[in-house]
Amino acid sequence: MRAARWQCAALLALAVAKGAGAHAPPPEPPLGDEAPAVSPDCRTAAASLHFDFAGAAPSACAITGERDFTLLVTPEHAPPINPSPWYAFRYEADEGGPITVTLRYLAGQHRYAPKLAMGDGEWRELPAEPTPDGKGVVLRLPAGKGSVSAQERIIPGDASADLARWSGLAGAQPFQLGQSHDGRPIEAIRIGRADAPRLVVLLGRQHPPEVTGAIAMRAFVDALVEARARAQQDFADLQFLIVPMLNPDGVARGHWRANRGAQDLNRDWGAFTQPETRSVKTWLDALPAGVRPVLMVDFHSTRSNLFYVQGPDEASAAQQRFLAAWLEAREAEVPGYSFSIEPRNANPGSGTAKNWFHDAYGIPAYTYEVADEADRAATRAAAGLLAQTLPEALTALAD
Ligand SMILES: [Zn+2]
């Protein structure tokens, strides 16, 4: 129980640091999206913090005053870990004024500008004031009930709703590729004819905090299926496998990076030691003869908008034509969403989806990275444009 031990160490560190108020280690969360009660409440007469929903991180919480709390934001396993410190909690505060929540980080630094949702459900960004020691931030939250997280929350239930919407538009049924460690379904949908020979694979949410990548993927698929519905025609010899939520356990549990097996899924392609990556591989292995992947796009988030693509030494002439047709000259086409194209030769054995798909099928395989702070409307506009231009650009691969 590596994760539980780490949590316990985190709790001790907080207790030592603050000298008061920490609770017992949280119980294991139950399955499902509705109520993974990961941490006990943190409560005074005036206010309380709660961690009882999908996407909440099991943070250790200390009461430092009647209206003041400190959260120790803790990774799901011991360092080293990618510094994407995810936090999420909800709160209730009486009308006596704002409350403060100080975020401190174990093995990380403040990265994500906090988002607050209150009664209207709209996410708005909150100011975060650095603590005097520079190692944390202080949030001032208005009285009432609200929900705070590192980014807007897009949880497994939202991905299921997206799949249902795409199903309605495309007339295709979502299906289950496999199951996560916790038993959550790895859901997918295929758009296009099952015997269409050219397959595009779209993957999302290998890394739980990378919500802007999820926002782009949602808009990308929306544009694909809406264009197809409008035209009332099929993609001819093209089909899409769409897997929007490859790490549902990590998302539901508020992880920074890993799945429930404490593995970075985007280092497991090739080894396939994890049920989530294996579920995709198994499906691909069962494709009928005559159906073959022609492109893989894997949606992520990082500090800036960019595409990791194959380097010139490993991209064939046809692949370079495709890159030119799809992405080049579009780097500044959408106002508010400029991006760069970063050719990277494969680091053999790196275990990324990008490198594995390129090696296994000899196809273009790109990582679609969206900036953490990217303008959301521009992110959606760019994704929609890139989806609409994809089928035509793919013809560059045909000859
Ligand atoms: Zn990532």
# chains A, B, ... in the order shown; residues from 1 in each chain; ligands from 1
call {"tool": "residues_near_ligand", "arguments": {"ligand": "ligand 1", "cutoff": "12 Å", "atoms": "only C-alpha atoms and all ligand atoms", "output": "PyMOL selection string"}}
result
chain A and resi 82-84+203-214+246-247+256-258+264-267+298-303+307-308+352-354+367-372
call {"tool": "residues_around", "arguments": {"residues": "Lys135 (chain A)", "least_positions_apart": "6", "cutoff": "10 Å", "atoms": "only C-alpha atoms", "output": "count of residues only"}}
result
7
call {"tool": "select_by_dssp", "arguments": {"residues": "region 131-253 of chain A", "states": "helix (DSSP H, G or I)", "output": "ChimeraX atom specification"}}
result
/A:156-170,211-231,248-252
call {"tool": "write_last_selection", "arguments": {"atoms": "N, CA and C atoms", "output": "short mmCIF file (atom, residue, chain, number, x, y, z; two decimals), in the first residue's frame"}}
result
data_model
loop_
_atom_site.label_atom_id
_atom_site.label_comp_id
_atom_site.auth_asym_id
_atom_site.auth_seq_id
_atom_site.Cartn_x
_atom_site.Cartn_y
_atom_site.Cartn_z
N PRO A 156 -14.78 11.07 -15.13
CA PRO A 156 -15.22 9.96 -15.99
C PRO A 156 -16.69 10.06 -16.41
N GLY A 157 -17.56 10.54 -15.52
CA GLY A 157 -18.97 10.67 -15.89
C GLY A 157 -19.17 11.67 -17.03
N ASP A 158 -18.33 12.70 -17.08
CA ASP A 158 -18.43 13.67 -18.18
C ASP A 158 -17.99 13.04 -19.50
N ALA A 159 -16.97 12.20 -19.43
CA ALA A 159 -16.52 11.51 -20.65
C ALA A 159 -17.62 10.57 -21.15
N SER A 160 -18.31 9.91 -20.22
CA SER A 160 -19.42 9.04 -20.62
C SER A 160 -20.52 9.85 -21.29
N ALA A 161 -20.80 11.03 -20.74
CA ALA A 161 -21.82 11.90 -21.34
C ALA A 161 -21.39 12.35 -22.73
N ASP A 162 -20.10 12.65 -22.89
CA ASP A 162 -19.59 13.02 -24.22
C ASP A 162 -19.80 11.87 -25.20
N LEU A 163 -19.48 10.67 -24.75
CA LEU A 163 -19.64 9.50 -25.63
C LEU A 163 -21.10 9.31 -26.03
N ALA A 164 -22.00 9.55 -25.07
CA ALA A 164 -23.43 9.42 -25.39
C ALA A 164 -23.85 10.46 -26.42
N ARG A 165 -23.30 11.68 -26.28
CA ARG A 165 -23.65 12.73 -27.24
C ARG A 165 -23.12 12.38 -28.63
N TRP A 166 -21.88 11.89 -28.69
CA TRP A 166 -21.31 11.52 -29.98
C TRP A 166 -22.06 10.34 -30.57
N SER A 167 -22.51 9.46 -29.69
CA SER A 167 -23.30 8.32 -30.15
C SER A 167 -24.58 8.80 -30.83
N GLY A 168 -25.25 9.78 -30.20
CA GLY A 168 -26.47 10.31 -30.76
C GLY A 168 -26.25 10.96 -32.12
N LEU A 169 -25.13 11.66 -32.24
CA LEU A 169 -24.84 12.36 -33.49
C LEU A 169 -24.36 11.41 -34.58
N ALA A 170 -23.61 10.40 -34.18
CA ALA A 170 -22.93 9.56 -35.17
C ALA A 170 -23.65 8.23 -35.40
N VAL A 211 -6.41 18.81 -18.10
CA VAL A 211 -7.79 19.11 -18.47
C VAL A 211 -7.88 19.92 -19.76
N THR A 212 -6.92 20.80 -20.01
CA THR A 212 -7.03 21.59 -21.24
C THR A 212 -6.91 20.68 -22.47
N GLY A 213 -6.13 19.60 -22.35
CA GLY A 213 -6.09 18.61 -23.43
C GLY A 213 -7.46 17.97 -23.62
N ALA A 214 -8.15 17.73 -22.51
CA ALA A 214 -9.49 17.14 -22.59
C ALA A 214 -10.49 18.10 -23.22
N ILE A 215 -10.32 19.39 -22.92
CA ILE A 215 -11.21 20.40 -23.53
C ILE A 215 -11.00 20.42 -25.04
N ALA A 216 -9.74 20.33 -25.47
CA ALA A 216 -9.45 20.30 -26.90
C ALA A 216 -10.00 19.04 -27.54
N MET A 217 -9.82 17.90 -26.88
CA MET A 217 -10.28 16.64 -27.48
C MET A 217 -11.80 16.62 -27.63
N ARG A 218 -12.48 17.14 -26.62
CA ARG A 218 -13.95 17.20 -26.69
C ARG A 218 -14.40 18.04 -27.89
N ALA A 219 -13.78 19.21 -28.07
CA ALA A 219 -14.15 20.08 -29.19
C ALA A 219 -13.76 19.45 -30.52
N PHE A 220 -12.64 18.75 -30.53
CA PHE A 220 -12.15 18.09 -31.74
C PHE A 220 -13.16 17.03 -32.20
N VAL A 221 -13.58 16.19 -31.27
CA VAL A 221 -14.52 15.12 -31.64
C VAL A 221 -15.89 15.69 -31.95
N ASP A 222 -16.32 16.70 -31.19
CA ASP A 222 -17.58 17.36 -31.50
C ASP A 222 -17.58 17.83 -32.96
N ALA A 223 -16.49 18.48 -33.36
CA ALA A 223 -16.42 19.02 -34.73
C ALA A 223 -16.44 17.88 -35.76
N LEU A 224 -15.74 16.81 -35.44
CA LEU A 224 -15.73 15.66 -36.37
C LEU A 224 -17.13 15.10 -36.59
N VAL A 225 -17.81 14.82 -35.47
CA VAL A 225 -19.10 14.15 -35.61
C VAL A 225 -20.17 15.11 -36.12
N GLU A 226 -20.05 16.39 -35.75
CA GLU A 226 -21.04 17.35 -36.24
C GLU A 226 -20.89 17.56 -37.75
N ALA A 227 -19.66 17.61 -38.22
CA ALA A 227 -19.44 17.78 -39.67
C ALA A 227 -20.02 16.58 -40.42
N ARG A 228 -19.83 15.41 -39.83
CA ARG A 228 -20.32 14.19 -40.48
C ARG A 228 -21.85 14.17 -40.46
N ALA A 229 -22.44 14.59 -39.34
CA ALA A 229 -23.89 14.60 -39.24
C ALA A 229 -24.49 15.61 -40.22
N ARG A 230 -23.85 16.79 -40.32
CA ARG A 230 -24.33 17.82 -41.24
C ARG A 230 -24.29 17.34 -42.68
N ALA A 231 -23.18 16.71 -43.04
CA ALA A 231 -23.00 16.26 -44.42
C ALA A 231 -23.83 15.01 -44.71
N PRO A 248 -9.28 6.65 -15.92
CA PRO A 248 -10.42 7.12 -15.10
C PRO A 248 -10.13 7.05 -13.60
N ASP A 249 -9.33 6.07 -13.16
CA ASP A 249 -9.02 6.00 -11.71
C ASP A 249 -8.22 7.21 -11.27
N GLY A 250 -7.21 7.55 -12.06
CA GLY A 250 -6.38 8.69 -11.70
C GLY A 250 -7.18 9.97 -11.67
N VAL A 251 -8.11 10.12 -12.60
CA VAL A 251 -8.95 11.32 -12.63
C VAL A 251 -9.89 11.34 -11.42
N ALA A 252 -10.56 10.22 -11.17
CA ALA A 252 -11.52 10.17 -10.07
C ALA A 252 -10.84 10.36 -8.72
#
call {"tool": "atom_distance", "arguments": {"atom1": "CA of Ser149 (chain A)", "atom2": "CA of Gly97 (chain A)"}}
result
20.8 Å
call {"tool": "residues_around", "arguments": {"residues": "region 186-196 of chain A", "least_positions_apart": "2", "cutoff": "7 Å", "atoms": "only C-alpha atoms", "output": "PyMOL selection string"}}
result
chain A and resi 163+170+172-180+184+198+234-235+237-243+245-246+276+291
call {"tool": "write_last_selection", "arguments": {"atoms": "C-alpha atoms", "output": "JSON list (two decimals), in the first residue's frame"}}
result
[["chain", "number", "residue", "atom", "x", "y", "z"],
["A", 163, "LEU", "CA", -19.64, 9.50, -25.63],
["A", 170, "ALA", "CA", -22.93, 9.56, -35.17],
["A", 172, "ALA", "CA", -22.57, 4.52, -33.20],
["A", 173, "GLN", "CA", -22.68, 2.79, -29.84],
["A", 174, "PRO", "CA", -20.05, 3.44, -27.17],
["A", 175, "PHE", "CA", -18.40, 0.26, -25.95],
["A", 176, "GLN", "CA", -16.00, -0.90, -23.29],
["A", 177, "LEU", "CA", -12.39, -1.60, -24.24],
["A", 178, "GLY", "CA", -11.53, -2.94, -20.82],
["A", 179, "GLN", "CA", -11.38, -2.02, -17.17],
["A", 180, "SER", "CA", -9.09, 0.04, -15.00],
["A", 184, "ARG", "CA", -13.95, 1.51, -13.99],
["A", 198, "ARG", "CA", -7.94, 3.62, -42.53],
["A", 234, "ASP", "CA", -19.75, 8.63, -43.84],
["A", 235, "PHE", "CA", -16.02, 9.17, -43.72],
["A", 237, "ASP", "CA", -12.68, 4.66, -46.07],
["A", 238, "LEU", "CA", -11.86, 6.42, -42.77],
["A", 239, "GLN", "CA", -12.85, 5.42, -39.24],
["A", 240, "PHE", "CA", -12.00, 6.79, -35.79],
["A", 241, "LEU", "CA", -11.41, 5.02, -32.49],
["A", 242, "ILE", "CA", -11.99, 7.58, -29.74],
["A", 243, "VAL", "CA", -10.90, 6.91, -26.14],
["A", 245, "MET", "CA", -10.69, 8.85, -20.62],
["A", 246, "LEU", "CA", -7.84, 6.38, -20.52],
["A", 276, "GLU", "CA", -5.72, 0.66, -19.35],
["A", 291, "VAL", "CA", -8.03, -2.21, -41.28]]
call {"tool": "residues_around", "arguments": {"residues": "Glu125 (chain A)", "least_positions_apart": "4", "cutoff": "8 Å", "atoms": "only C-alpha atoms", "output": "list in words"}}
result
Ala113, Pro114, Lys115 and Leu116 of chain A
call {"tool": "closest_residue", "arguments": {"among": "A:Tyr337, A:Phe322, A:Trp283, A:Phe272", "to": "Leu385 (chain A)", "atoms": "only C-alpha atoms"}}
result
A:Tyr337
call {"tool": "select_by_dssp", "arguments": {"residues": "region 78-266 of chain A", "states": "strand (DSSP E)", "output": "ChimeraX atom specification"}}
result
/A:88-93,99-105,115-117,123-125,129-130,136-141,144-149,175-179,185-191,198-204,238-243
call {"tool": "write_last_selection", "arguments": {"atoms": "C-alpha atoms", "output": "compact mmCIF listing (two decimals), in the first residue's frame"}}
result
# COMPACT_ATOMS: atom_id res chain seq x y z
CA ALA A 88 -9.83 19.83 -5.51
CA PHE A 89 -12.22 20.33 -2.63
CA ARG A 90 -15.62 21.82 -1.91
CA TYR A 91 -16.44 24.10 0.99
CA GLU A 92 -19.27 25.61 2.95
CA ALA A 93 -18.84 28.84 4.88
CA ILE A 99 -12.50 31.93 4.53
CA THR A 100 -8.88 31.30 3.67
CA VAL A 101 -7.41 28.05 2.41
CA THR A 102 -3.63 27.83 2.19
CA LEU A 103 -2.33 25.29 -0.29
CA ARG A 104 1.02 23.72 0.51
CA TYR A 105 2.66 21.17 -1.70
CA LYS A 115 -10.84 27.67 -10.38
CA LEU A 116 -13.95 28.32 -8.31
CA ALA A 117 -17.50 27.20 -9.09
CA TRP A 123 -15.79 28.01 -13.37
CA ARG A 124 -13.96 31.26 -12.72
CA GLU A 125 -10.34 31.80 -11.93
CA GLU A 129 -1.52 34.98 -3.20
CA PRO A 130 1.91 33.46 -2.52
CA GLY A 136 2.39 27.81 -1.16
CA VAL A 137 -0.53 30.06 -1.95
CA VAL A 138 -3.44 31.50 -0.02
CA LEU A 139 -6.95 31.44 -1.48
CA ARG A 140 -9.70 33.71 -0.16
CA LEU A 141 -13.07 32.11 -0.72
CA GLY A 144 -21.47 30.34 0.79
CA LYS A 145 -20.97 27.00 -0.91
CA GLY A 146 -18.36 26.48 -3.57
CA SER A 147 -16.06 24.06 -5.25
CA VAL A 148 -12.38 24.73 -5.96
CA SER A 149 -10.00 22.79 -8.16
CA PHE A 175 -18.40 0.26 -25.95
CA GLN A 176 -16.00 -0.90 -23.29
CA LEU A 177 -12.39 -1.60 -24.24
CA GLY A 178 -11.53 -2.94 -20.82
CA GLN A 179 -11.38 -2.02 -17.17
CA PRO A 185 -14.77 1.00 -17.67
CA ILE A 186 -12.33 2.18 -20.33
CA GLU A 187 -14.94 3.50 -22.72
CA ALA A 188 -14.58 4.17 -26.43
CA ILE A 189 -16.57 4.84 -29.53
CA ARG A 190 -15.90 4.06 -33.13
CA ILE A 191 -17.05 6.61 -35.67
CA ARG A 198 -7.94 3.62 -42.53
CA LEU A 199 -8.18 4.04 -38.76
CA VAL A 200 -7.41 7.21 -36.79
CA VAL A 201 -6.87 6.64 -33.06
CA LEU A 202 -7.63 9.52 -30.67
CA LEU A 203 -6.56 9.14 -27.03
CA GLY A 204 -7.22 11.35 -24.05
CA LEU A 238 -11.86 6.42 -42.77
CA GLN A 239 -12.85 5.42 -39.24
CA PHE A 240 -12.00 6.79 -35.79
CA LEU A 241 -11.41 5.02 -32.49
CA ILE A 242 -11.99 7.58 -29.74
CA VAL A 243 -10.90 6.91 -26.14
call {"tool": "atom_distance", "arguments": {"atom1": "CA of Leu295 (chain A)", "atom2": "CA of Thr273 (chain A)"}}
result
23.4 Å
call {"tool": "residues_around", "arguments": {"residues": "Pro312 (chain A)", "least_positions_apart": "6", "cutoff": "10 Å", "atoms": "only C-alpha atoms", "output": "list of chain:residue names"}}
result
A:Gln319, A:Gln320, A:Pro343, A:Arg344, A:Asn345
call {"tool": "residues_around", "arguments": {"residues": "Thr44 (chain A)", "least_positions_apart": "4", "cutoff": "10 Å", "atoms": "only C-alpha atoms", "output": "JSON, numbers by chain"}}
result
{"A": [48, 49, 63, 64, 65, 66, 67, 68, 69, 93]}
call {"tool": "write_last_selection", "arguments": {"atoms": "C-alpha atoms", "output": "short mmCIF file (atom, residue, chain, number, x, y, z; two decimals), in the first residue's frame"}}
result
data_model
loop_
_atom_site.label_atom_id
_atom_site.label_comp_id
_atom_site.auth_asym_id
_atom_site.auth_seq_id
_atom_site.Cartn_x
_atom_site.Cartn_y
_atom_site.Cartn_z
CA SER A 48 -15.98 23.13 6.42
CA LEU A 49 -13.94 21.58 3.60
CA ILE A 63 -7.66 23.73 10.82
CA THR A 64 -5.61 26.82 11.53
CA GLY A 65 -8.41 29.15 12.62
CA GLU A 66 -12.18 29.42 12.74
CA ARG A 67 -12.19 30.46 9.06
CA ASP A 68 -8.70 29.31 8.08
CA PHE A 69 -7.52 25.99 6.74
CA ALA A 93 -18.84 28.84 4.88
#
call {"tool": "residues_around", "arguments": {"residues": "Ala57 (chain A)", "least_positions_apart": "4", "cutoff": "7 Å", "atoms": "only C-alpha atoms", "output": "list in words"}}
result
Phe51, Tyr87, Ala88, Arg253, Gly254 and His255 of chain A
call {"tool": "closest_residue", "arguments": {"among": "A:Ala346, A:Met118, A:Thr282, A:Gly336", "to": "Asp313 (chain A)", "atoms": "only C-alpha atoms"}}
result
A:Ala346
call {"tool": "closest_residue", "arguments": {"among": "A:Pro85, A:Gly261, A:Gly362, A:Gly183", "to": "Leu72 (chain A)", "atoms": "only C-alpha atoms"}}
result
A:Pro85
call {"tool": "atom_distance", "arguments": {"atom1": "CA of Gln310 (chain A)", "atom2": "CA of Ala383 (chain A)"}}
result
20.2 Å
call {"tool": "decode", "arguments": {"residues": "region 66-140 of chain A", "atoms": "C-alpha atoms", "output": "mmCIF file, in the first residue's frame"}}
result
data_model
loop_
_atom_site.group_PDB
_atom_site.id
_atom_site.type_symbol
_atom_site.label_atom_id
_atom_site.label_comp_id
_atom_site.auth_asym_id
_atom_site.auth_seq_id
_atom_site.Cartn_x
_atom_site.Cartn_y
_atom_site.Cartn_z
ATOM 1 C CA GLU A 66 -12.180 29.418 12.737
ATOM 2 C CA ARG A 67 -12.192 30.463 9.062
ATOM 3 C CA ASP A 68 -8.698 29.313 8.082
ATOM 4 C CA PHE A 69 -7.520 25.987 6.738
ATOM 5 C CA THR A 70 -4.344 24.543 5.292
ATOM 6 C CA LEU A 71 -4.280 21.731 2.754
ATOM 7 C CA LEU A 72 -1.203 19.670 2.083
ATOM 8 C CA VAL A 73 -1.456 18.767 -1.608
ATOM 9 C CA THR A 74 0.181 15.384 -1.932
ATOM 10 C CA PRO A 75 1.066 13.162 -4.896
ATOM 11 C CA GLU A 76 -0.326 9.661 -5.247
ATOM 12 C CA HIS A 77 3.078 8.054 -4.876
ATOM 13 C CA ALA A 78 6.509 9.066 -3.668
ATOM 14 C CA PRO A 79 8.643 11.384 -5.818
ATOM 15 C CA PRO A 80 9.926 11.628 -8.444
ATOM 16 C CA ILE A 81 6.646 12.578 -10.053
ATOM 17 C CA ASN A 82 5.695 14.992 -12.780
ATOM 18 C CA PRO A 83 4.999 18.333 -11.106
ATOM 19 C CA SER A 84 1.293 18.653 -11.885
ATOM 20 C CA PRO A 85 -0.016 19.143 -8.346
ATOM 21 C CA TRP A 86 -3.731 18.602 -8.566
ATOM 22 C CA TYR A 87 -6.063 19.757 -5.797
ATOM 23 C CA ALA A 88 -9.831 19.828 -5.507
ATOM 24 C CA PHE A 89 -12.220 20.333 -2.630
ATOM 25 C CA ARG A 90 -15.617 21.815 -1.906
ATOM 26 C CA TYR A 91 -16.444 24.098 0.986
ATOM 27 C CA GLU A 92 -19.270 25.608 2.949
ATOM 28 C CA ALA A 93 -18.836 28.842 4.876
ATOM 29 C CA ASP A 94 -21.414 30.780 6.898
ATOM 30 C CA GLU A 95 -22.116 34.448 6.251
ATOM 31 C CA GLY A 96 -19.422 35.658 8.663
ATOM 32 C CA GLY A 97 -17.070 36.553 5.801
ATOM 33 C CA PRO A 98 -14.585 34.882 3.483
ATOM 34 C CA ILE A 99 -12.498 31.927 4.527
ATOM 35 C CA THR A 100 -8.880 31.303 3.666
ATOM 36 C CA VAL A 101 -7.407 28.054 2.413
ATOM 37 C CA THR A 102 -3.631 27.826 2.194
ATOM 38 C CA LEU A 103 -2.328 25.288 -0.293
ATOM 39 C CA ARG A 104 1.016 23.718 0.511
ATOM 40 C CA TYR A 105 2.659 21.173 -1.699
ATOM 41 C CA LEU A 106 4.570 18.049 -0.895
ATOM 42 C CA ALA A 107 7.045 17.289 -3.689
ATOM 43 C CA GLY A 108 5.721 20.041 -5.917
ATOM 44 C CA GLN A 109 5.067 23.721 -6.361
ATOM 45 C CA HIS A 110 1.956 25.695 -7.101
ATOM 46 C CA ARG A 111 1.215 25.355 -10.822
ATOM 47 C CA TYR A 112 -2.495 25.571 -11.595
ATOM 48 C CA ALA A 113 -4.427 28.799 -11.101
ATOM 49 C CA PRO A 114 -7.364 27.845 -8.865
ATOM 50 C CA LYS A 115 -10.838 27.671 -10.379
ATOM 51 C CA LEU A 116 -13.955 28.318 -8.309
ATOM 52 C CA ALA A 117 -17.500 27.202 -9.087
ATOM 53 C CA MET A 118 -20.416 28.384 -6.966
ATOM 54 C CA GLY A 119 -24.175 28.064 -7.416
ATOM 55 C CA ASP A 120 -24.229 28.762 -11.149
ATOM 56 C CA GLY A 121 -21.715 25.992 -11.890
ATOM 57 C CA GLU A 122 -19.519 28.347 -13.941
ATOM 58 C CA TRP A 123 -15.789 28.007 -13.366
ATOM 59 C CA ARG A 124 -13.963 31.258 -12.718
ATOM 60 C CA GLU A 125 -10.338 31.804 -11.933
ATOM 61 C CA LEU A 126 -9.430 32.832 -8.391
ATOM 62 C CA PRO A 127 -6.461 34.951 -7.340
ATOM 63 C CA ALA A 128 -3.812 32.980 -5.444
ATOM 64 C CA GLU A 129 -1.522 34.983 -3.198
ATOM 65 C CA PRO A 130 1.910 33.457 -2.520
ATOM 66 C CA THR A 131 2.651 32.611 1.097
ATOM 67 C CA PRO A 132 5.511 34.610 2.707
ATOM 68 C CA ASP A 133 7.878 31.637 2.314
ATOM 69 C CA GLY A 134 6.957 31.358 -1.392
ATOM 70 C CA LYS A 135 6.171 27.660 -1.054
ATOM 71 C CA GLY A 136 2.394 27.815 -1.162
ATOM 72 C CA VAL A 137 -0.528 30.060 -1.955
ATOM 73 C CA VAL A 138 -3.438 31.499 -0.017
ATOM 74 C CA LEU A 139 -6.953 31.435 -1.476
ATOM 75 C CA ARG A 140 -9.699 33.707 -0.165
#
